[in-house]
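Containing compact mmCIF, N, CA and C atoms: protein.txt.
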```txt
# COMPACT_ATOMS: atom_id res chain seq x y z
N MET A 1 0.84 -1.19 0.00
CA MET A 1 0.00 0.00 0.00
C MET A 1 0.88 1.25 0.00
N GLN A 2 0.52 2.22 -0.81
CA GLN A 2 1.31 3.43 -0.91
C GLN A 2 1.14 4.26 0.36
N ARG A 3 2.26 4.79 0.86
CA ARG A 3 2.23 5.63 2.05
C ARG A 3 2.08 7.07 1.63
N HIS A 4 1.46 7.85 2.47
CA HIS A 4 1.25 9.27 2.18
C HIS A 4 1.96 10.08 3.26
N ARG A 5 3.29 10.06 3.19
CA ARG A 5 4.09 10.80 4.14
C ARG A 5 4.68 12.02 3.44
N ASN A 6 5.29 12.86 4.25
CA ASN A 6 5.93 14.06 3.73
C ASN A 6 6.96 13.72 2.65
N ARG A 7 7.69 12.65 2.85
CA ARG A 7 8.73 12.24 1.89
C ARG A 7 8.13 11.97 0.50
N GLU A 8 7.02 11.24 0.45
CA GLU A 8 6.38 10.95 -0.84
C GLU A 8 5.80 12.22 -1.47
N PHE A 9 5.26 13.10 -0.63
CA PHE A 9 4.72 14.36 -1.12
C PHE A 9 5.82 15.19 -1.79
N ILE A 10 6.95 15.34 -1.13
CA ILE A 10 8.06 16.11 -1.69
C ILE A 10 8.58 15.44 -2.96
N ARG A 11 8.65 14.12 -2.97
CA ARG A 11 9.10 13.40 -4.17
C ARG A 11 8.16 13.67 -5.35
N SER A 12 6.85 13.72 -5.09
CA SER A 12 5.91 13.98 -6.18
C SER A 12 6.03 15.42 -6.68
N LEU A 13 6.26 16.37 -5.78
CA LEU A 13 6.49 17.76 -6.21
C LEU A 13 7.73 17.84 -7.10
N ASP A 14 8.79 17.17 -6.69
CA ASP A 14 10.03 17.18 -7.47
C ASP A 14 9.82 16.56 -8.85
N ALA A 15 9.02 15.50 -8.93
CA ALA A 15 8.76 14.86 -10.23
C ALA A 15 8.01 15.80 -11.16
N VAL A 16 7.01 16.50 -10.64
CA VAL A 16 6.27 17.46 -11.46
C VAL A 16 7.18 18.60 -11.87
N GLU A 17 7.96 19.10 -10.93
CA GLU A 17 8.90 20.20 -11.20
C GLU A 17 9.84 19.83 -12.34
N ALA A 18 10.33 18.61 -12.35
CA ALA A 18 11.26 18.17 -13.39
C ALA A 18 10.56 17.97 -14.73
N ALA A 19 9.28 17.60 -14.71
CA ALA A 19 8.57 17.27 -15.95
C ALA A 19 8.00 18.49 -16.68
N VAL A 20 7.74 19.57 -15.95
CA VAL A 20 7.11 20.75 -16.56
C VAL A 20 8.20 21.73 -16.99
N PRO A 21 8.13 22.23 -18.24
CA PRO A 21 9.13 23.19 -18.71
C PRO A 21 9.29 24.36 -17.74
N SER A 22 10.52 24.81 -17.55
CA SER A 22 10.82 25.81 -16.52
C SER A 22 10.17 27.17 -16.75
N ASP A 23 9.72 27.45 -17.97
CA ASP A 23 9.07 28.73 -18.23
C ASP A 23 7.57 28.71 -17.96
N LYS A 24 7.06 27.59 -17.46
CA LYS A 24 5.62 27.45 -17.20
C LYS A 24 5.33 27.57 -15.71
N ALA A 25 4.22 28.25 -15.39
CA ALA A 25 3.74 28.30 -14.01
C ALA A 25 2.96 27.01 -13.73
N ILE A 26 2.91 26.63 -12.48
CA ILE A 26 2.22 25.39 -12.11
C ILE A 26 1.17 25.70 -11.05
N GLN A 27 -0.04 25.23 -11.29
CA GLN A 27 -1.14 25.33 -10.33
C GLN A 27 -1.32 23.94 -9.73
N ALA A 28 -1.38 23.84 -8.41
CA ALA A 28 -1.55 22.53 -7.77
C ALA A 28 -2.66 22.61 -6.73
N ILE A 29 -3.50 21.60 -6.72
CA ILE A 29 -4.56 21.50 -5.71
C ILE A 29 -4.10 20.51 -4.66
N LEU A 30 -4.06 20.95 -3.42
CA LEU A 30 -3.66 20.09 -2.31
C LEU A 30 -4.90 19.73 -1.51
N ASP A 31 -5.05 18.45 -1.23
CA ASP A 31 -6.22 18.05 -0.45
C ASP A 31 -5.96 18.33 1.03
N ASN A 32 -6.87 17.90 1.86
CA ASN A 32 -6.75 18.23 3.28
C ASN A 32 -5.92 17.22 4.07
N VAL A 33 -5.08 16.46 3.40
CA VAL A 33 -4.16 15.56 4.09
C VAL A 33 -3.04 16.41 4.68
N THR A 34 -2.48 15.99 5.79
CA THR A 34 -1.54 16.84 6.52
C THR A 34 -0.11 16.81 6.01
N THR A 35 0.21 16.04 4.99
CA THR A 35 1.61 15.94 4.55
C THR A 35 2.18 17.29 4.15
N HIS A 36 1.37 18.15 3.55
CA HIS A 36 1.89 19.45 3.14
C HIS A 36 1.93 20.46 4.28
N LYS A 37 1.42 20.08 5.46
CA LYS A 37 1.44 20.98 6.62
C LYS A 37 2.67 20.75 7.50
N HIS A 38 3.37 19.66 7.29
CA HIS A 38 4.58 19.34 8.04
C HIS A 38 5.62 20.43 7.76
N PRO A 39 6.47 20.79 8.75
CA PRO A 39 7.48 21.83 8.51
C PRO A 39 8.35 21.58 7.27
N LYS A 40 8.74 20.33 7.02
CA LYS A 40 9.54 20.05 5.82
C LYS A 40 8.72 20.29 4.56
N GLY A 41 7.45 19.91 4.59
CA GLY A 41 6.58 20.14 3.44
C GLY A 41 6.36 21.62 3.19
N ARG A 42 6.12 22.39 4.26
CA ARG A 42 5.92 23.84 4.11
C ARG A 42 7.18 24.51 3.59
N SER A 43 8.33 24.06 4.07
CA SER A 43 9.60 24.62 3.60
C SER A 43 9.78 24.34 2.11
N ARG A 44 9.45 23.13 1.69
CA ARG A 44 9.58 22.75 0.27
C ARG A 44 8.60 23.55 -0.59
N LEU A 45 7.39 23.76 -0.09
CA LEU A 45 6.41 24.56 -0.83
C LEU A 45 6.93 25.98 -1.04
N ALA A 46 7.56 26.54 -0.03
CA ALA A 46 8.09 27.90 -0.13
C ALA A 46 9.17 28.01 -1.20
N ARG A 47 9.89 26.93 -1.44
CA ARG A 47 10.98 26.96 -2.44
C ARG A 47 10.48 26.77 -3.87
N HIS A 48 9.25 26.34 -4.05
CA HIS A 48 8.70 26.15 -5.40
C HIS A 48 8.14 27.49 -5.87
N ARG A 49 8.96 28.30 -6.48
CA ARG A 49 8.60 29.69 -6.77
C ARG A 49 7.60 29.86 -7.90
N ARG A 50 7.50 28.92 -8.79
CA ARG A 50 6.57 29.08 -9.91
C ARG A 50 5.24 28.39 -9.67
N TRP A 51 5.04 27.94 -8.47
CA TRP A 51 3.85 27.19 -8.12
C TRP A 51 2.83 28.07 -7.39
N THR A 52 1.55 27.79 -7.64
CA THR A 52 0.47 28.32 -6.81
C THR A 52 -0.27 27.11 -6.27
N PHE A 53 -0.41 27.06 -4.95
CA PHE A 53 -1.05 25.92 -4.31
C PHE A 53 -2.44 26.32 -3.84
N HIS A 54 -3.43 25.55 -4.24
CA HIS A 54 -4.82 25.75 -3.82
C HIS A 54 -5.13 24.61 -2.85
N VAL A 55 -5.53 24.96 -1.63
CA VAL A 55 -5.76 23.95 -0.60
C VAL A 55 -7.26 23.79 -0.39
N THR A 56 -7.74 22.56 -0.52
CA THR A 56 -9.16 22.32 -0.27
C THR A 56 -9.41 22.42 1.23
N PRO A 57 -10.53 22.99 1.63
CA PRO A 57 -10.81 23.07 3.06
C PRO A 57 -11.04 21.69 3.65
N THR A 58 -10.77 21.57 4.94
CA THR A 58 -10.95 20.30 5.63
C THR A 58 -12.39 19.81 5.51
N SER A 59 -13.31 20.75 5.41
CA SER A 59 -14.73 20.37 5.35
C SER A 59 -15.22 20.14 3.93
N ALA A 60 -14.33 19.80 3.02
CA ALA A 60 -14.70 19.65 1.60
C ALA A 60 -15.35 18.29 1.36
N SER A 61 -16.55 18.11 1.89
CA SER A 61 -17.23 16.82 1.74
C SER A 61 -17.58 16.53 0.28
N TRP A 62 -17.74 17.57 -0.54
CA TRP A 62 -18.01 17.37 -1.96
C TRP A 62 -16.85 16.63 -2.61
N LEU A 63 -15.63 16.89 -2.13
CA LEU A 63 -14.46 16.23 -2.68
C LEU A 63 -14.50 14.73 -2.36
N ASP A 64 -14.96 14.40 -1.16
CA ASP A 64 -15.07 12.99 -0.80
C ASP A 64 -16.00 12.26 -1.76
N ALA A 65 -17.09 12.92 -2.15
CA ALA A 65 -18.03 12.30 -3.09
C ALA A 65 -17.37 12.09 -4.45
N ALA A 66 -16.61 13.07 -4.90
CA ALA A 66 -15.91 12.94 -6.19
C ALA A 66 -14.84 11.85 -6.11
N GLU A 67 -14.13 11.79 -4.99
CA GLU A 67 -13.09 10.77 -4.84
C GLU A 67 -13.68 9.37 -4.80
N GLY A 68 -14.92 9.22 -4.39
CA GLY A 68 -15.56 7.92 -4.34
C GLY A 68 -15.80 7.31 -5.71
N PHE A 69 -15.80 8.14 -6.74
CA PHE A 69 -16.04 7.65 -8.10
C PHE A 69 -14.95 6.68 -8.55
N PHE A 70 -13.70 6.98 -8.23
CA PHE A 70 -12.59 6.17 -8.74
C PHE A 70 -12.52 4.78 -8.13
N PRO A 71 -12.68 4.61 -6.82
CA PRO A 71 -12.74 3.24 -6.30
C PRO A 71 -13.91 2.45 -6.87
N ALA A 72 -15.04 3.15 -7.10
CA ALA A 72 -16.20 2.47 -7.69
C ALA A 72 -15.88 2.02 -9.12
N LEU A 73 -15.20 2.86 -9.88
CA LEU A 73 -14.78 2.50 -11.24
C LEU A 73 -13.89 1.26 -11.20
N ILE A 74 -12.97 1.23 -10.26
CA ILE A 74 -12.07 0.07 -10.13
C ILE A 74 -12.88 -1.18 -9.82
N ARG A 75 -13.81 -1.09 -8.87
CA ARG A 75 -14.62 -2.26 -8.50
C ARG A 75 -15.50 -2.72 -9.66
N ARG A 76 -16.15 -1.79 -10.33
CA ARG A 76 -17.10 -2.15 -11.38
C ARG A 76 -16.43 -2.63 -12.65
N ARG A 77 -15.31 -2.06 -13.03
CA ARG A 77 -14.82 -2.27 -14.38
C ARG A 77 -13.38 -2.77 -14.46
N LEU A 78 -12.53 -2.36 -13.54
CA LEU A 78 -11.10 -2.59 -13.75
C LEU A 78 -10.49 -3.73 -12.96
N ARG A 79 -10.96 -3.98 -11.76
CA ARG A 79 -10.29 -4.92 -10.87
C ARG A 79 -10.09 -6.30 -11.50
N ARG A 80 -11.10 -6.86 -12.09
CA ARG A 80 -10.99 -8.20 -12.65
C ARG A 80 -10.85 -8.17 -14.17
N GLY A 81 -10.63 -6.98 -14.70
CA GLY A 81 -10.52 -6.84 -16.16
C GLY A 81 -9.18 -7.31 -16.68
N SER A 82 -9.18 -7.66 -17.94
CA SER A 82 -7.95 -8.04 -18.63
C SER A 82 -7.87 -7.17 -19.88
N PHE A 83 -6.87 -6.33 -19.94
CA PHE A 83 -6.77 -5.36 -21.02
C PHE A 83 -5.50 -5.62 -21.82
N THR A 84 -5.66 -5.68 -23.12
CA THR A 84 -4.53 -6.01 -23.99
C THR A 84 -3.76 -4.78 -24.44
N SER A 85 -4.34 -3.59 -24.22
CA SER A 85 -3.67 -2.36 -24.64
C SER A 85 -4.24 -1.18 -23.87
N VAL A 86 -3.58 -0.05 -23.98
CA VAL A 86 -4.08 1.17 -23.37
C VAL A 86 -5.42 1.55 -23.99
N VAL A 87 -5.54 1.36 -25.30
CA VAL A 87 -6.80 1.67 -25.99
C VAL A 87 -7.93 0.81 -25.43
N ASP A 88 -7.66 -0.46 -25.19
CA ASP A 88 -8.65 -1.37 -24.61
C ASP A 88 -9.06 -0.90 -23.21
N LEU A 89 -8.10 -0.50 -22.40
CA LEU A 89 -8.37 0.02 -21.06
C LEU A 89 -9.21 1.30 -21.14
N GLN A 90 -8.83 2.21 -22.02
CA GLN A 90 -9.58 3.46 -22.18
C GLN A 90 -11.02 3.19 -22.61
N ALA A 91 -11.21 2.24 -23.49
CA ALA A 91 -12.56 1.88 -23.94
C ALA A 91 -13.40 1.37 -22.77
N ALA A 92 -12.80 0.55 -21.90
CA ALA A 92 -13.52 0.03 -20.74
C ALA A 92 -13.92 1.17 -19.80
N ILE A 93 -13.02 2.11 -19.59
CA ILE A 93 -13.32 3.26 -18.73
C ILE A 93 -14.43 4.10 -19.34
N LYS A 94 -14.36 4.33 -20.64
CA LYS A 94 -15.41 5.12 -21.31
C LYS A 94 -16.77 4.42 -21.23
N ARG A 95 -16.79 3.09 -21.37
CA ARG A 95 -18.05 2.35 -21.24
C ARG A 95 -18.62 2.53 -19.83
N ASP A 96 -17.75 2.45 -18.84
CA ASP A 96 -18.21 2.60 -17.46
C ASP A 96 -18.76 4.00 -17.22
N ILE A 97 -18.08 5.01 -17.73
CA ILE A 97 -18.56 6.39 -17.56
C ILE A 97 -19.91 6.57 -18.24
N THR A 98 -20.06 6.00 -19.43
CA THR A 98 -21.34 6.09 -20.14
C THR A 98 -22.46 5.44 -19.34
N GLU A 99 -22.20 4.23 -18.81
CA GLU A 99 -23.21 3.54 -17.99
C GLU A 99 -23.50 4.31 -16.71
N HIS A 100 -22.46 4.83 -16.09
CA HIS A 100 -22.62 5.60 -14.85
C HIS A 100 -23.47 6.85 -15.11
N THR A 101 -23.21 7.52 -16.21
CA THR A 101 -23.97 8.72 -16.57
C THR A 101 -25.44 8.39 -16.81
N ARG A 102 -25.69 7.26 -17.46
CA ARG A 102 -27.06 6.85 -17.74
C ARG A 102 -27.82 6.55 -16.44
N ARG A 103 -27.13 6.01 -15.44
CA ARG A 103 -27.76 5.67 -14.16
C ARG A 103 -27.78 6.83 -13.16
N ALA A 104 -27.08 7.90 -13.46
CA ALA A 104 -26.87 8.99 -12.49
C ALA A 104 -28.17 9.61 -12.03
N LYS A 105 -28.16 9.99 -10.76
CA LYS A 105 -29.29 10.71 -10.17
C LYS A 105 -28.74 12.04 -9.66
N PRO A 106 -29.57 13.07 -9.67
CA PRO A 106 -29.08 14.37 -9.20
C PRO A 106 -28.66 14.31 -7.74
N PHE A 107 -27.59 15.01 -7.43
CA PHE A 107 -27.14 15.13 -6.05
C PHE A 107 -27.96 16.21 -5.38
N VAL A 108 -28.43 15.94 -4.19
CA VAL A 108 -29.23 16.92 -3.46
C VAL A 108 -28.43 17.37 -2.24
N TRP A 109 -28.08 18.66 -2.22
CA TRP A 109 -27.35 19.21 -1.08
C TRP A 109 -28.26 19.24 0.14
N THR A 110 -27.71 18.89 1.29
CA THR A 110 -28.50 18.94 2.52
C THR A 110 -28.34 20.29 3.21
N ASN A 111 -27.30 21.03 2.88
CA ASN A 111 -27.09 22.36 3.44
C ASN A 111 -27.36 23.41 2.38
N SER A 112 -27.76 24.58 2.83
CA SER A 112 -27.97 25.68 1.88
C SER A 112 -26.61 26.27 1.49
N ALA A 113 -26.60 27.01 0.40
CA ALA A 113 -25.36 27.67 -0.03
C ALA A 113 -24.85 28.59 1.07
N THR A 114 -25.74 29.26 1.77
CA THR A 114 -25.35 30.16 2.86
C THR A 114 -24.62 29.39 3.96
N ASP A 115 -25.14 28.22 4.33
CA ASP A 115 -24.49 27.39 5.35
C ASP A 115 -23.11 26.94 4.90
N ILE A 116 -22.99 26.54 3.65
CA ILE A 116 -21.71 26.06 3.12
C ILE A 116 -20.69 27.19 3.11
N LEU A 117 -21.09 28.36 2.61
CA LEU A 117 -20.17 29.51 2.56
C LEU A 117 -19.77 29.96 3.97
N ALA A 118 -20.69 29.89 4.92
CA ALA A 118 -20.36 30.23 6.30
C ALA A 118 -19.32 29.27 6.86
N ALA A 119 -19.45 27.98 6.56
CA ALA A 119 -18.48 26.99 7.02
C ALA A 119 -17.11 27.24 6.41
N VAL A 120 -17.07 27.58 5.14
CA VAL A 120 -15.79 27.86 4.48
C VAL A 120 -15.14 29.09 5.10
N SER A 121 -15.92 30.11 5.42
CA SER A 121 -15.35 31.34 5.99
C SER A 121 -14.78 31.10 7.39
N ARG A 122 -15.24 30.07 8.08
CA ARG A 122 -14.72 29.74 9.41
C ARG A 122 -13.45 28.89 9.35
N SER A 123 -13.08 28.45 8.16
CA SER A 123 -11.92 27.57 8.02
C SER A 123 -10.65 28.29 8.43
N PRO A 124 -9.84 27.68 9.31
CA PRO A 124 -8.60 28.33 9.73
C PRO A 124 -7.49 28.22 8.69
N GLU A 125 -7.67 27.38 7.68
CA GLU A 125 -6.64 27.16 6.68
C GLU A 125 -6.79 28.13 5.52
N PRO A 126 -5.67 28.56 4.93
CA PRO A 126 -5.78 29.37 3.72
C PRO A 126 -6.32 28.52 2.58
N SER A 127 -7.05 29.14 1.66
CA SER A 127 -7.54 28.38 0.52
C SER A 127 -6.57 28.43 -0.64
N VAL A 128 -5.67 29.42 -0.66
CA VAL A 128 -4.66 29.52 -1.72
C VAL A 128 -3.33 29.87 -1.08
N TRP A 129 -2.30 29.15 -1.45
CA TRP A 129 -0.94 29.49 -1.04
C TRP A 129 -0.17 29.86 -2.28
N VAL A 130 0.60 30.90 -2.19
CA VAL A 130 1.45 31.29 -3.30
C VAL A 130 2.88 31.15 -2.84
N SER A 131 3.67 30.52 -3.65
CA SER A 131 5.08 30.37 -3.34
C SER A 131 5.82 31.51 -4.04
N ALA A 132 6.47 32.35 -3.27
CA ALA A 132 7.17 33.50 -3.84
C ALA A 132 8.50 33.69 -3.14
N PRO A 133 9.50 34.23 -3.83
CA PRO A 133 10.83 34.37 -3.23
C PRO A 133 10.82 35.21 -1.96
N GLU A 134 9.95 36.22 -1.89
CA GLU A 134 9.98 37.14 -0.76
C GLU A 134 9.11 36.71 0.41
N ALA A 135 8.35 35.64 0.26
CA ALA A 135 7.43 35.26 1.33
C ALA A 135 7.42 33.76 1.54
N ALA A 136 7.23 33.38 2.78
CA ALA A 136 7.03 31.96 3.07
C ALA A 136 5.62 31.59 2.64
N VAL A 137 5.36 30.31 2.59
CA VAL A 137 4.02 29.86 2.22
C VAL A 137 3.05 30.34 3.28
N GLY A 138 1.95 30.90 2.84
CA GLY A 138 0.93 31.37 3.77
C GLY A 138 -0.27 31.87 3.02
N PRO A 139 -1.27 32.35 3.76
CA PRO A 139 -2.49 32.81 3.09
C PRO A 139 -2.26 34.08 2.30
N ILE A 140 -3.09 34.27 1.28
CA ILE A 140 -3.01 35.52 0.52
C ILE A 140 -3.96 36.49 1.16
```

Here is the file; what I need is its structure written in the form of structure tokens.
Amino acid sequence: MQRHRNREFIRSLDAVEAAVPSDKAIQAILDNVTTHKHPKGRSRLARHRRWTFHVTPTSASWLDAAEGFFPALIRRRLRRGSFTSVVDLQAAIKRDITEHTRRAKPFVWTNSATDILAAVSRSPEPSVWVSAPEAAVGPI
């Protein structure tokens, strides 16, 4: 099982940094896992000068719903599948998405938009971090 420690987080940042041309800015969305909050992670974020980090709030339950799609895709279509090529795998994923869309039901929010926005405004975490030479990582 893959571990989600500060070391793996920094390694993934370094891999993206190496893969993206140096003249390009990078936007990254960080979930509410604590690996990027560790002092080593925060220090590394501050050194990534061309990056803008968007942090999802801890109360981002909508993200949990979106993240649930991928394990379901694996269970329904991929786990016991046998694919002879990338094209074959992509076709299986597209079939699953088509079937999922056909079965989809509207999501009904249990909280009002006012309640959700009030919860976000109470969040102690910044929603966007900018990495800049003159400033450490922090809220804008």

Quiz item: Quick one: residues within 9 Å of region 64-76 of chain A, only C-alpha atoms counted, chain neighbours fewer than 4 positions away excluded, as a list in words?
Solution: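 Residues near the query, excluding close chain neighbours: Ala60, Arg80, Ile93, Asp96 and Ile97 of chain A.
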
Exercise. Would you please extract all strand (DSSP E or B) residues from region 4-117 of chain A, as assigned by DSSP on the backbone, and give them as a list of chain:residue names?
Key: A:Ile26, A:Gln27, A:Ala28, A:Ile29, A:Leu30, A:Trp51, A:Thr52, A:Phe53, A:His54, A:Val55

Practice problem: Considering only N, CA and C atoms, return as a VMD selection string whatever protein or nucleic-acid residues lie within 6.5 Å of Ile26 (chain A), sequence-local ones (same chain, fewer than 2 positions apart) excluded. | Solution: chain A and resid 24 28 50 to 53

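The coordinates place atom N of Ala118 (chain A) at 20.9 Å from CA of Leu30 (chain A).
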
Quiz item: Taking all atoms listed in the file into account, which of A:His54, A:Arg49, A:His38, A:Lys105 comes nearest Ala25 (chain A)?
Solution: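 With all atoms listed in the file as the atom set, the closest residue is A:Arg49.
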